[in-house]
file input_11.csv (CSV, C-alpha atoms and all ligand atoms)
chain,number,residue,atom,x,y,z
A,1,MET,CA,-56.3,58.0,268.0
A,2,SER,CA,-53.7,60.7,267.9
A,3,THR,CA,-50.7,58.3,267.9
A,4,GLU,CA,-50.9,57.6,264.2
A,5,HIS,CA,-50.5,61.3,263.5
A,6,ALA,CA,-47.8,61.8,266.1
A,7,ASP,CA,-45.1,62.8,263.7
A,8,SER,CA,-47.1,65.0,261.3
A,9,GLU,CA,-46.3,68.3,262.9
A,10,ALA,CA,-42.6,67.7,262.5
A,11,SER,CA,-43.3,67.1,258.8
A,12,VAL,CA,-40.8,65.2,256.8
A,13,VAL,CA,-39.9,67.1,253.6
A,14,ALA,CA,-38.2,65.7,250.6
A,15,ALA,CA,-34.7,64.8,251.7
A,16,SER,CA,-31.9,66.6,249.9
A,17,PRO,CA,-28.3,67.0,251.0
A,18,ASP,CA,-28.7,70.7,251.7
A,19,GLN,CA,-32.1,70.7,253.2
A,20,PRO,CA,-33.0,69.6,256.7
A,21,LYS,CA,-35.3,66.6,256.8
A,22,GLN,CA,-37.7,68.2,259.3
A,23,LEU,CA,-39.3,71.5,259.1
A,24,PRO,CA,-37.7,73.6,261.8
A,25,PHE,CA,-40.9,74.6,263.6
A,26,PRO,CA,-40.5,75.8,267.2
A,27,PRO,CA,-42.4,73.6,269.6
A,28,VAL,CA,-46.2,73.9,269.1
A,29,THR,CA,-47.7,74.1,272.6
A,30,LYS,CA,-51.3,73.5,273.5
A,31,GLN,CA,-51.5,77.0,274.8
A,32,HIS,CA,-50.5,78.3,271.4
A,33,ILE,CA,-53.3,76.4,269.7
A,34,LEU,CA,-55.7,77.6,272.4
A,35,ASN,CA,-54.5,81.2,271.9
A,36,CYS,CA,-55.6,81.0,268.3
A,37,SER,CA,-59.1,79.8,269.2
A,38,TYR,CA,-61.7,82.4,268.4
A,39,HIS,CA,-63.1,82.6,271.9
A,40,SER,CA,-59.6,83.2,273.3
A,41,TRP,CA,-58.7,86.2,271.1
A,42,HIS,CA,-62.1,87.7,270.2
A,43,PRO,CA,-62.7,89.6,273.5
A,44,LYS,CA,-59.4,91.4,273.0
A,45,TYR,CA,-59.9,92.2,269.3
A,46,ARG,CA,-63.6,92.6,268.9
A,47,ALA,CA,-63.4,96.2,267.9
A,48,ILE,CA,-61.4,95.3,264.8
A,49,THR,CA,-63.3,92.1,263.9
A,50,PRO,CA,-66.4,91.9,261.8
A,51,LYS,CA,-69.5,91.5,264.0
A,52,ALA,CA,-69.7,88.1,265.6
A,53,ARG,CA,-71.4,86.3,268.5
A,54,LEU,CA,-70.3,83.2,270.3
A,55,VAL,CA,-72.5,80.5,271.6
A,56,PRO,CA,-70.8,78.2,274.2
A,57,LEU,CA,-71.5,74.6,273.3
A,58,PRO,CA,-72.5,72.0,275.9
A,59,GLY,CA,-71.4,68.4,275.8
A,60,ALA,CA,-74.7,67.2,274.5
A,61,PHE,CA,-74.4,69.4,271.4
A,62,LEU,CA,-70.8,68.2,270.9
A,63,ASP,CA,-72.0,64.6,271.1
A,64,TYR,CA,-74.5,65.5,268.4
A,65,LEU,CA,-71.8,67.0,266.2
A,66,ARG,CA,-69.6,64.0,266.7
A,67,ALA,CA,-72.3,61.4,266.1
A,68,ASP,CA,-72.4,59.6,262.7
A,69,GLY,CA,-75.2,60.4,260.4
A,70,ILE,CA,-77.1,63.6,259.9
A,71,VAL,CA,-80.4,64.0,261.7
A,72,LEU,CA,-81.7,67.5,261.8
A,73,PRO,CA,-84.3,68.9,264.2
A,74,PRO,CA,-87.7,69.4,262.6
A,75,GLU,CA,-88.3,72.8,261.3
A,76,ASP,CA,-91.5,74.2,262.6
A,77,ASN,CA,-91.8,77.2,260.3
A,78,ASP,CA,-92.2,77.5,256.5
A,79,ASN,CA,-88.7,77.1,255.4
A,80,PRO,CA,-87.9,79.6,252.6
A,81,ASP,CA,-85.6,77.4,250.6
A,82,TRP,CA,-84.9,74.0,249.4
A,83,SER,CA,-85.0,72.1,252.6
A,84,ASP,CA,-87.6,69.5,253.4
A,85,ALA,CA,-89.6,71.3,256.1
A,86,ASP,CA,-90.3,68.2,258.2
A,87,SER,CA,-86.9,66.8,257.9
A,88,GLY,CA,-84.7,64.6,259.5
A,89,ILE,CA,-83.2,64.4,256.1
A,90,PHE,CA,-81.1,61.5,257.1
A,91,SER,CA,-81.6,59.0,259.8
A,92,GLY,CA,-78.5,58.2,261.8
A,93,ALA,CA,-76.3,55.5,260.4
A,94,ASP,CA,-77.3,53.1,263.0
A,95,ASN,CA,-80.3,53.7,265.2
A,96,GLU,CA,-80.6,50.1,266.3
A,97,GLY,CA,-80.0,49.5,269.9
A,98,ASP,CA,-81.3,52.9,271.0
A,99,ASP,CA,-84.8,54.2,270.9
A,100,GLU,CA,-84.0,57.2,268.9
A,101,GLY,CA,-85.6,56.6,265.5
A,102,PRO,CA,-85.2,58.9,262.6
A,103,ASP,CA,-88.1,61.0,263.7
A,104,GLN,CA,-86.6,61.9,267.0
A,105,ASP,CA,-85.6,65.6,267.5
A,106,PRO,CA,-81.9,65.6,268.4
A,107,SER,CA,-82.2,69.1,269.7
A,108,THR,CA,-84.3,68.0,272.7
A,109,HIS,CA,-80.9,67.3,274.4
A,110,TRP,CA,-79.7,70.9,273.7
A,111,ARG,CA,-82.8,73.0,273.4
A,112,ASP,CA,-81.2,76.1,275.0
A,113,THR,CA,-78.3,76.0,272.5
A,114,HIS,CA,-80.7,75.6,269.6
A,115,GLU,CA,-82.7,78.6,270.8
A,116,ALA,CA,-79.6,80.7,271.5
A,117,ILE,CA,-78.5,80.0,267.9
A,118,GLU,CA,-81.9,81.0,266.5
A,119,ALA,CA,-81.8,84.3,268.6
A,120,VAL,CA,-78.2,85.1,267.4
A,121,ILE,CA,-79.2,84.6,263.7
A,122,GLU,CA,-82.0,87.0,264.2
A,123,GLU,CA,-79.8,89.5,266.1
A,124,LEU,CA,-77.3,89.4,263.2
A,125,GLY,CA,-79.8,90.2,260.6
A,126,GLY,CA,-80.9,86.8,259.5
A,127,LYS,CA,-77.7,85.5,257.8
A,128,VAL,CA,-74.6,84.2,259.4
A,129,ALA,CA,-71.3,82.5,258.5
A,130,PRO,CA,-70.5,79.8,261.1
A,131,LYS,CA,-67.3,78.4,262.5
A,132,LEU,CA,-66.1,76.5,265.5
A,133,ASN,CA,-63.1,77.5,267.6
A,134,TRP,CA,-60.6,77.3,264.8
A,135,SER,CA,-62.3,76.2,261.6
A,136,ALA,CA,-65.1,77.2,259.2
A,137,PRO,CA,-66.8,74.4,257.2
A,138,LYS,CA,-65.4,75.7,253.9
A,139,ASP,CA,-65.1,72.1,252.6
A,140,ALA,CA,-68.8,71.4,253.1
A,141,THR,CA,-70.4,74.2,251.1
A,142,TRP,CA,-71.3,71.7,248.3
A,143,ILE,CA,-74.0,70.3,250.6
A,144,ALA,CA,-75.7,73.7,251.2
A,145,ALA,CA,-78.5,75.1,249.0
A,146,THR,CA,-76.6,78.4,248.7
A,147,ASN,CA,-73.4,76.6,247.8
A,148,SER,CA,-71.7,78.8,250.3
A,149,MET,CA,-71.4,79.2,254.1
A,150,GLU,CA,-74.3,81.5,254.3
A,151,CYS,CA,-76.8,80.2,256.9
A,152,ARG,CA,-80.3,81.4,257.7
A,153,THR,CA,-81.5,78.7,260.0
A,154,PRO,CA,-80.0,76.6,262.8
A,155,ASN,CA,-80.4,73.6,260.5
A,156,ASP,CA,-78.3,75.2,257.8
A,157,ILE,CA,-75.6,75.5,260.4
A,158,TYR,CA,-75.9,71.9,261.6
A,159,LEU,CA,-75.8,70.5,258.1
A,160,LEU,CA,-72.6,72.4,257.3
A,161,LEU,CA,-70.9,71.6,260.6
A,162,LYS,CA,-71.8,67.9,260.4
A,163,SER,CA,-70.6,67.6,256.8
A,164,SER,CA,-67.2,69.2,257.3
A,165,ASP,CA,-63.9,67.4,257.8
A,166,PHE,CA,-62.4,70.7,259.0
A,167,ILE,CA,-65.0,70.9,261.8
A,168,THR,CA,-64.2,67.2,262.7
A,169,HIS,CA,-60.6,68.3,263.0
A,170,ASP,CA,-61.5,71.0,265.5
A,171,LEU,CA,-63.5,68.4,267.5
A,172,GLN,CA,-61.2,65.4,267.4
A,173,HIS,CA,-57.7,66.6,266.6
A,174,ALA,CA,-57.3,70.2,267.7
A,175,LEU,CA,-54.5,69.5,270.1
A,176,ASP,CA,-52.8,66.7,268.1
A,177,ASP,CA,-49.1,67.1,267.4
A,178,THR,CA,-48.6,69.6,270.2
A,179,THR,CA,-45.3,69.1,272.0
A,180,ASP,CA,-46.3,69.3,275.6
A,181,GLY,CA,-47.8,65.9,276.1
A,182,GLU,CA,-51.1,64.1,275.6
A,183,GLY,CA,-54.5,65.2,276.6
A,184,ASP,CA,-55.8,67.2,279.5
A,185,ALA,CA,-56.1,70.7,278.2
A,186,GLU,CA,-59.8,71.5,278.4
A,187,ILE,CA,-61.2,73.0,275.2
A,188,GLN,CA,-64.3,75.2,275.7
A,189,TYR,CA,-66.0,74.8,272.4
A,190,HIS,CA,-68.0,77.7,270.9
A,191,LEU,CA,-70.0,78.2,267.9
A,192,VAL,CA,-68.9,81.4,266.3
A,193,LEU,CA,-71.6,83.1,264.2
A,194,ARG,CA,-70.4,86.0,262.1
A,195,LYS,CA,-72.9,88.4,260.5
A,196,TRP,CA,-72.9,87.5,256.9
A,197,ILE,CA,-71.1,89.9,254.7
A,198,VAL,CA,-70.5,89.7,251.0
A,199,LEU,CA,-66.7,89.5,251.0
A,200,ASN,CA,-64.5,90.3,248.1
A,201,PRO,CA,-62.0,87.5,248.1
A,202,SER,CA,-59.4,89.6,246.3
A,203,VAL,CA,-58.7,91.6,249.3
A,204,GLU,CA,-58.4,88.9,251.9
A,205,PHE,CA,-54.8,88.3,253.0
A,206,ARG,CA,-52.8,86.0,255.2
A,207,CYS,CA,-50.0,87.5,257.2
A,208,PHE,CA,-47.1,85.6,258.8
A,209,VAL,CA,-45.4,86.8,262.0
A,210,ARG,CA,-42.1,85.4,263.3
A,211,ASN,CA,-40.5,86.7,266.4
A,212,ARG,CA,-43.1,89.5,266.6
A,213,LYS,CA,-42.0,90.7,263.1
A,214,LEU,CA,-44.3,90.7,260.2
A,215,ILE,CA,-42.3,88.8,257.6
A,216,ALA,CA,-44.7,87.9,254.9
A,217,ILE,CA,-48.1,88.6,253.4
A,218,CYS,CA,-50.0,86.9,250.6
A,219,GLN,CA,-53.5,86.6,249.0
A,220,ARG,CA,-55.8,84.1,250.4
A,221,ASP,CA,-57.8,83.6,247.2
A,222,LEU,CA,-55.6,82.0,244.6
A,223,ASN,CA,-56.8,83.8,241.6
A,224,HIS,CA,-55.0,86.6,239.8
A,225,PHE,CA,-56.2,90.1,240.4
A,226,ASP,CA,-54.5,92.7,238.3
A,227,PHE,CA,-55.4,95.7,240.4
A,228,LEU,CA,-53.6,94.3,243.4
A,229,PHE,CA,-50.2,94.9,241.8
A,230,LYS,CA,-50.8,98.6,241.6
A,231,MET,CA,-51.7,98.7,245.3
A,232,GLU,CA,-49.0,96.5,246.6
A,233,ASP,CA,-47.1,99.2,248.5
A,234,LYS,CA,-50.1,100.7,250.0
A,235,LEU,CA,-51.5,97.4,251.1
A,236,ARG,CA,-48.2,96.3,252.6
A,237,GLN,CA,-48.0,99.6,254.5
A,238,THR,CA,-51.6,99.3,255.7
A,239,VAL,CA,-51.1,95.8,257.0
A,240,GLN,CA,-47.7,96.7,258.6
A,241,GLU,CA,-49.3,99.6,260.5
A,242,PHE,CA,-52.2,97.5,261.6
A,243,PHE,CA,-49.8,94.9,262.9
A,244,ASP,CA,-47.6,97.3,264.7
A,245,VAL,CA,-50.4,99.1,266.4
A,246,ARG,CA,-52.9,96.3,267.1
A,247,LEU,CA,-51.2,93.0,267.2
A,248,ARG,CA,-47.5,93.1,267.7
A,249,ASP,CA,-47.4,93.6,271.4
A,250,THR,CA,-50.7,92.2,272.3
A,251,PHE,CA,-50.9,88.7,270.9
A,252,PRO,CA,-49.7,86.2,273.5
A,253,ASP,CA,-47.2,84.4,271.2
A,254,PRO,CA,-44.3,85.7,269.2
A,255,ASN,CA,-45.1,83.4,266.2
A,256,PHE,CA,-48.5,83.2,264.6
A,257,THR,CA,-50.4,84.0,261.4
A,258,PHE,CA,-53.4,86.3,261.0
A,259,ASP,CA,-55.9,86.8,258.3
A,260,VAL,CA,-57.2,90.2,257.3
A,261,TYR,CA,-59.8,91.7,255.1
A,262,ILE,CA,-59.2,95.2,253.5
A,263,PRO,CA,-62.2,96.3,251.6
A,264,PRO,CA,-62.2,99.5,249.4
A,265,PRO,CA,-61.0,102.2,250.0
A,266,HIS,CA,-58.3,99.9,251.4
A,267,ASP,CA,-57.4,101.9,254.4
A,268,ARG,CA,-59.2,100.0,257.2
A,269,VAL,CA,-58.1,96.5,258.1
A,270,TRP,CA,-60.5,94.0,259.6
A,271,LEU,CA,-59.1,91.0,261.5
A,272,VAL,CA,-60.7,87.8,260.4
A,273,ASP,CA,-58.8,85.1,262.2
A,274,PHE,CA,-55.6,83.9,263.8
A,275,ASN,CA,-53.9,80.6,262.9
A,276,PRO,CA,-51.1,78.8,264.7
A,277,TRP,CA,-47.5,78.9,263.6
A,278,ALA,CA,-47.7,75.2,262.7
A,279,LEU,CA,-47.9,72.9,259.8
A,280,ARG,CA,-51.6,72.6,260.1
A,281,THR,CA,-51.9,76.2,258.8
A,282,ASP,CA,-51.9,76.6,255.1
A,283,PRO,CA,-49.0,78.7,254.0
A,284,LEU,CA,-50.8,79.5,250.7
A,285,LEU,CA,-48.3,81.2,248.3
A,286,PHE,CA,-45.4,80.4,250.5
A,287,SER,CA,-43.9,77.2,251.7
A,288,TRP,CA,-43.3,76.6,255.4
A,289,MET,CA,-39.7,76.1,254.7
A,290,GLU,CA,-39.5,79.6,253.2
A,291,LEU,CA,-41.4,81.1,256.1
A,292,LEU,CA,-39.2,79.4,258.7
A,293,THR,CA,-36.0,80.5,257.0
A,294,LEU,CA,-36.9,83.9,255.3
A,295,GLU,CA,-34.7,86.6,256.5
A,296,GLU,CA,-36.2,88.8,259.1
A,297,PRO,CA,-35.3,92.4,260.0
A,298,LEU,CA,-32.5,92.8,262.5
A,299,LEU,CA,-33.1,94.9,265.6
A,300,PRO,CA,-31.9,98.5,265.2
A,301,GLU,CA,-29.2,97.9,267.8
A,302,ALA,CA,-27.6,95.1,265.8
A,303,GLU,CA,-24.2,95.8,264.4
A,304,ASP,CA,-24.9,95.3,260.7
A,305,ALA,CA,-28.4,96.8,260.7
A,306,SER,CA,-27.3,99.9,258.8
A,307,GLN,CA,-28.6,98.2,255.6
A,308,GLU,CA,-32.1,98.0,257.0
A,309,PHE,CA,-32.5,101.2,259.0
A,310,GLU,CA,-31.8,104.8,258.5
A,311,VAL,CA,-32.2,107.8,260.6
A,312,ASP,CA,-34.7,110.4,259.4
A,313,GLU,CA,-34.6,114.3,259.9
A,314,ASP,CA,-36.1,113.9,263.4
A,315,ASP,CA,-33.4,111.4,264.4
A,316,LYS,CA,-36.0,108.6,264.3
A,317,VAL,CA,-34.9,105.2,263.2
A,318,VAL,CA,-36.7,104.3,260.1
A,319,GLU,CA,-37.1,100.7,259.0
A,320,LEU,CA,-36.1,100.1,255.3
A,321,TRP,CA,-36.8,96.4,255.5
A,322,GLN,CA,-40.2,95.3,254.5
A,323,PRO,CA,-42.2,92.1,254.6
A,324,GLU,CA,-42.4,90.0,251.4
A,325,PHE,CA,-45.8,90.6,249.8
A,326,ARG,CA,-46.7,87.8,247.4
A,327,LEU,CA,-49.5,88.1,244.8
A,328,VAL,CA,-50.7,85.6,242.3
A,329,ARG,CA,-49.2,86.6,238.9
A,330,ARG,CA,-51.1,86.4,235.7
A,331,ASP,CA,-50.7,83.1,233.8
A,332,ASP,CA,-48.5,81.7,236.5
A,333,PRO,CA,-50.6,79.4,238.6
A,334,GLU,CA,-48.0,76.6,238.6
A,335,ALA,CA,-45.4,78.9,240.0
A,336,TYR,CA,-46.7,78.2,243.5
A,337,GLY,CA,-47.9,74.7,243.0
A,338,PHE,CA,-51.6,75.3,243.5
A,339,SER,CA,-52.8,74.1,240.2
A,340,THR,CA,-53.9,71.2,242.3
A,341,PRO,CA,-57.4,71.4,243.6
A,342,GLN,CA,-58.0,73.4,246.8
A,343,TYR,CA,-58.0,71.3,249.9
A,344,SER,CA,-56.2,68.5,248.1
A,345,ALA,CA,-53.5,66.5,249.8
A,346,HIS,CA,-51.0,69.2,248.9
A,347,LYS,CA,-52.8,71.9,250.6
A,348,LEU,CA,-54.3,70.3,253.7
A,349,PRO,CA,-52.7,69.4,257.0
A,350,ARG,CA,-51.9,65.7,256.8
A,351,ASP,CA,-54.2,64.6,259.6
A,352,VAL,CA,-57.2,66.2,257.9
A,353,VAL,CA,-56.3,64.4,254.7
A,354,ASP,CA,-55.8,61.2,256.5
A,355,ALA,CA,-59.1,61.6,258.3
A,356,SER,CA,-61.0,62.3,255.1
A,357,ARG,CA,-59.3,59.4,253.4
A,358,GLY,CA,-60.2,57.1,256.2
A,359,GLY,CA,-63.8,58.4,255.9
A,360,GLU,CA,-64.0,58.0,252.1
A,361,GLY,CA,-66.3,55.1,252.3
A,362,MET,CA,-68.5,57.0,254.7
A,363,MET,CA,-68.5,60.1,252.5
A,364,ARG,CA,-69.5,58.0,249.5
A,365,GLU,CA,-72.3,56.4,251.5
A,366,PHE,CA,-73.3,59.7,252.7
A,367,ALA,CA,-73.4,61.2,249.2
A,368,ASP,CA,-75.5,58.2,248.0
A,369,GLN,CA,-77.9,58.8,250.9
A,370,TRP,CA,-78.1,62.4,250.0
A,371,LYS,CA,-78.9,61.6,246.3
A,372,GLU,CA,-81.5,59.2,247.4
A,373,ALA,CA,-83.1,61.7,249.7
A,374,GLN,CA,-83.1,64.3,247.0
A,375,ARG,CA,-84.7,61.8,244.6
A,376,LEU,CA,-87.4,61.0,247.1
A,377,ALA,CA,-88.0,64.7,247.7
A,378,GLU,CA,-88.3,65.5,244.0
A,379,GLN,CA,-90.6,62.5,243.5
A,380,GLN,CA,-92.8,63.7,246.4
A,381,ALA,CA,-92.9,67.2,245.1
A,382,LYS,CA,-93.9,65.9,241.7
A,383,GLU,CA,-96.7,63.8,243.2
A,384,GLU,CA,-97.9,66.7,245.2
A,385,SER,CA,-98.1,69.0,242.2
A,386,GLU,CA,-99.8,66.3,240.3
A,387,ASP,CA,-102.4,65.9,243.1
A,388,ASP,CA,-103.0,69.7,242.9
A,401,LIG,N1,-68.7,87.4,258.1
A,401,LIG,C1,-68.5,86.7,257.0
A,401,LIG,N2,-69.4,86.6,256.1
A,401,LIG,C2,-69.2,85.9,254.9
A,401,LIG,N3,-68.1,85.2,254.7
A,401,LIG,C3,-67.1,85.2,255.6
A,401,LIG,C4,-67.3,86.0,256.8
A,401,LIG,N4,-66.2,85.8,257.6
A,401,LIG,C5,-65.3,85.0,256.9
A,401,LIG,N5,-65.9,84.7,255.7
A,401,LIG,C6,-65.3,83.9,254.6
A,401,LIG,O1,-65.0,82.6,255.1
A,401,LIG,C7,-63.7,82.3,254.8
A,401,LIG,C8,-63.1,81.4,255.9
A,401,LIG,O2,-63.2,82.0,257.2
A,401,LIG,P1,-62.0,81.7,258.2
A,401,LIG,O3,-60.8,82.3,257.8
A,401,LIG,O4,-62.5,82.1,259.5
A,401,LIG,O5,-62.0,80.1,258.1
A,401,LIG,P2,-60.8,79.1,258.6
A,401,LIG,O6,-61.4,77.8,258.7
A,401,LIG,O7,-60.2,79.7,259.9
A,401,LIG,O8,-59.8,79.2,257.4
A,401,LIG,P3,-58.3,78.6,257.4
A,401,LIG,O9,-58.4,77.2,257.6
A,401,LIG,O10,-57.8,79.0,256.1
A,401,LIG,O11,-57.6,79.3,258.5
A,401,LIG,C9,-63.0,83.6,254.7
A,401,LIG,O12,-61.8,83.5,253.9
A,401,LIG,C10,-64.0,84.5,254.1
A,401,LIG,O13,-64.0,84.4,252.7
A,402,MG,MG,-58.3,80.1,260.3

call {"tool": "encode", "arguments": {"input": "input_11.csv", "output": "structure tokens", "more": "lines below"}}
Ligand SMILES: Nc1ncnc2c1ncn2[C@@H]1O[C@H](COP(=O)(O)OP(=O)(O)OP(=O)(O)O)[C@@H](O)[C@H]1O
Ligand SMILES: [Mg+2]
result
Amino acid sequence: MSTEHADSEASVVAASPDQPKQLPFPPVTKQHILNCSYHSWHPKYRAITPKARLVPLPGAFLDYLRADGIVLPPEDNDNPDWSDADSGIFSGADNEGDDEGPDQDPSTHWRDTHEAIEAVIEELGGKVAPKLNWSAPKDATWIAATNSMECRTPNDIYLLLKSSDFITHDLQHALDDTTDGEGDAEIQYHLVLRKWIVLNPSVEFRCFVRNRKLIAICQRDLNHFDFLFKMEDKLRQTVQEFFDVRLRDTFPDPNFTFDVYIPPPHDRVWLVDFNPWALRTDPLLFSWMELLTLEEPLLPEAEDASQEFEVDEDDKVVELWQPEFRLVRRDDPEAYGFSTPQYSAHKLPRDVVDASRGGEGMMREFADQWKEAQRLAEQQAKEESEDD
């Protein structure tokens, strides 16, 4: 399957005489992708990460996630919300040929996992934000009753995971476009359950590291927040210190990106995620060409470093260079080309876009099924209330 995407990491950019045709990414290895998987980095950084638990996923559960159609296990308790309590909301796309009808409970094949997930939700206070090794199902929140990633039951989680193209990417294409050959690297899949917190998106930032130097920082949320401009220097310094102390010498690769959350009073940094130094990572307010070619600080020993370093009273070399910190300016959304919808072809890795395009028919069919199921549920509720 991956051959059709084979060239996408070495993305072709608009050819112009003074621009290279390919983005000059260093080789993206399987190990680099694996180093950015939550289960690889979390043990090392758990003290600086919001509370999370990992559930290792067996093959049978992965088969369930990969299968067409959305069949949910029956819910035995009184479901608090919208969801049809006895539901397999949808039967699988084709159940012919096997004996699993729509009423079958898919979780019989992965009962331990289901129960582990239930236990973790409870341990984390009843609400969690799920993700797989690399991706959260941000693109599927439309299907959730909360219109967010907040999950209170295992079924909330399964519905989000099964509806998300980003999750499909983790499952089918995680190692695509790596430079060290096809296949083989074993991925240990994990469901990451993060204790749900009400995050303020204005203070989520993405940070870019090249050659173990923090070269750029930007907002993750693409709205304008006036107050950020007054705090620019403080935030930059806070992130720089966090990077220097916590990440610079401990992350296995010299090039990577990391996401942070810096809630008021803006002096403590929480690590949210790592992402690969690769085209698949959204550069947000930057372009990859900029990030790959932005000037970086010289080492103090370098001959012409005098512009970037000075010696303070204690004879310590002080760095004058600072990472570029980019914020969304007022009235200037076009400046960065994100007036296009989020997760559009401009913002997504190409293979994800391709996959979702290929699946357009399926998505429409799915949406139709969803509408029909809702209509039936409404009708049923109406009939029941009329019976009352
Ligand atoms: N514990 C949490 N509770 C509530 N929301 C959260 C929590 N952790 C993260 N989020 C929200 O979910 C968003 C996505 O999380 P995360 O960065 O892990 O996803 P991702 O798929 O890796 O994203 P990207 O593709 O941009 O790297 C975050 O920007 C944040 O707003
Ligand atoms: Mg990420």

call {"tool": "residues_near_ligand", "arguments": {"input": "input_11.csv", "ligand": "ligand MG 402 (chain A)", "cutoff": "12 Å", "atoms": "only C-alpha atoms and all ligand atoms", "output": "ChimeraX atom specification"}}
result
/A:33,36-38,131-138,166-167,170,205-207,220,256-260,271-278,280-283

call {"tool": "atom_distance", "arguments": {"input": "input_11.csv", "atom1": "atom CA of A:Arg212", "atom2": "atom CA of A:Phe243"}}
result
9.4 Å

call {"tool": "closest_residue", "arguments": {"input": "input_11.csv", "among": "A:Ile215, A:Leu124, A:Ala185, A:Leu228", "to": "ligand LIG 401 (chain A)", "atoms": "all atoms listed in the file"}}
result
A:Leu124

call {"tool": "atom_distance", "arguments": {"input": "input_11.csv", "atom1": "atom CA of A:Tyr64", "atom2": "atom CA of A:His109"}}
result
9.0 Å

call {"tool": "closest_residue", "arguments": {"input": "input_11.csv", "among": "A:His224, A:Lys316, A:Lys162, A:Arg236", "to": "A:Gly69", "atoms": "all atoms listed in the file"}}
result
A:Lys162

call {"tool": "closest_residue", "arguments": {"input": "input_11.csv", "among": "A:Gln188, A:Ser40, A:Gln219, A:Ser107", "to": "ligand LIG 401 (chain A)", "atoms": "only C-alpha atoms and all ligand atoms"}}
result
A:Gln219

call {"tool": "axis_aligned_box", "arguments": {"input": "input_11.csv", "around": "ligand LIG 401 (chain A)", "padding_each_side": "3 Å", "output": "lines of an AutoDock Vina configuration file"}}
result
center_x = -63.5
center_y = 82.3
center_z = 256.3
size_x = 17.8
size_y = 16.2
size_z = 13.2

call {"tool": "closest_residue", "arguments": {"input": "input_11.csv", "among": "A:Arg111, A:Arg53, A:Lys195, A:His169", "to": "ligand LIG 401 (chain A)", "atoms": "all atoms listed in the file"}}
result
A:Lys195

call {"tool": "closest_residue", "arguments": {"input": "input_11.csv", "among": "A:Pro106, A:Pro323, A:Pro27, A:Pro201", "to": "ligand LIG 401 (chain A)", "atoms": "only C-alpha atoms and all ligand atoms"}}
result
A:Pro201

call {"tool": "closest_residue", "arguments": {"input": "input_11.csv", "among": "A:Ala60, A:Val203, A:Ala145, A:Val55", "to": "ligand LIG 401 (chain A)", "atoms": "only C-alpha atoms and all ligand atoms"}}
result
A:Val203

call {"tool": "atom_distance", "arguments": {"input": "input_11.csv", "atom1": "atom CA of A:Asn255", "atom2": "atom CA of A:His42"}}
result
18.0 Å

call {"tool": "residues_around", "arguments": {"input": "input_11.csv", "residues": "A:Leu161", "least_positions_apart": "2", "cutoff": "8 Å", "atoms": "all atoms listed in the file", "output": "list in words"}}
result
Leu65, Lys131, Pro137, Ala140, Ile157, Tyr158, Leu159, Ser163, Ser164 and Ile167 of chain A

call {"tool": "build_atoms", "arguments": {"input": "input_11.csv", "residues": "stretch 41-51 of chain A", "atoms": "N, CA and C atoms", "output": "JSON list (two decimals), in the frame of the given file"}}
result
[["chain", "number", "residue", "atom", "x", "y", "z"],
["A", 41, "TRP", "N", -59.22, 84.86, 271.55],
["A", 41, "TRP", "CA", -58.70, 86.20, 271.10],
["A", 41, "TRP", "C", -59.82, 87.20, 270.86],
["A", 42, "HIS", "N", -61.04, 86.72, 270.62],
["A", 42, "HIS", "CA", -62.10, 87.70, 270.20],
["A", 42, "HIS", "C", -62.36, 88.79, 271.21],
["A", 43, "PRO", "N", -62.42, 88.49, 272.53],
["A", 43, "PRO", "CA", -62.70, 89.60, 273.50],
["A", 43, "PRO", "C", -61.72, 90.74, 273.35],
["A", 44, "LYS", "N", -60.46, 90.40, 273.10],
["A", 44, "LYS", "CA", -59.40, 91.40, 273.00],
["A", 44, "LYS", "C", -59.52, 92.24, 271.73],
["A", 45, "TYR", "N", -59.96, 91.61, 270.67],
["A", 45, "TYR", "CA", -59.90, 92.20, 269.30],
["A", 45, "TYR", "C", -61.25, 92.52, 268.71],
["A", 46, "ARG", "N", -62.29, 92.51, 269.52],
["A", 46, "ARG", "CA", -63.60, 92.60, 268.90],
["A", 46, "ARG", "C", -63.86, 93.86, 268.13],
["A", 47, "ALA", "N", -63.21, 94.95, 268.57],
["A", 47, "ALA", "CA", -63.40, 96.20, 267.90],
["A", 47, "ALA", "C", -62.90, 96.23, 266.46],
["A", 48, "ILE", "N", -61.97, 95.33, 266.16],
["A", 48, "ILE", "CA", -61.40, 95.30, 264.80],
["A", 48, "ILE", "C", -61.78, 94.06, 264.04],
["A", 49, "THR", "N", -62.80, 93.36, 264.54],
["A", 49, "THR", "CA", -63.30, 92.10, 263.90],
["A", 49, "THR", "C", -64.70, 92.33, 263.41],
["A", 50, "PRO", "N", -65.03, 91.82, 262.23],
["A", 50, "PRO", "CA", -66.40, 91.90, 261.80],
["A", 50, "PRO", "C", -67.35, 91.28, 262.83],
["A", 51, "LYS", "N", -68.55, 91.86, 262.91],
["A", 51, "LYS", "CA", -69.50, 91.50, 264.00],
["A", 51, "LYS", "C", -69.70, 89.98, 264.12]]
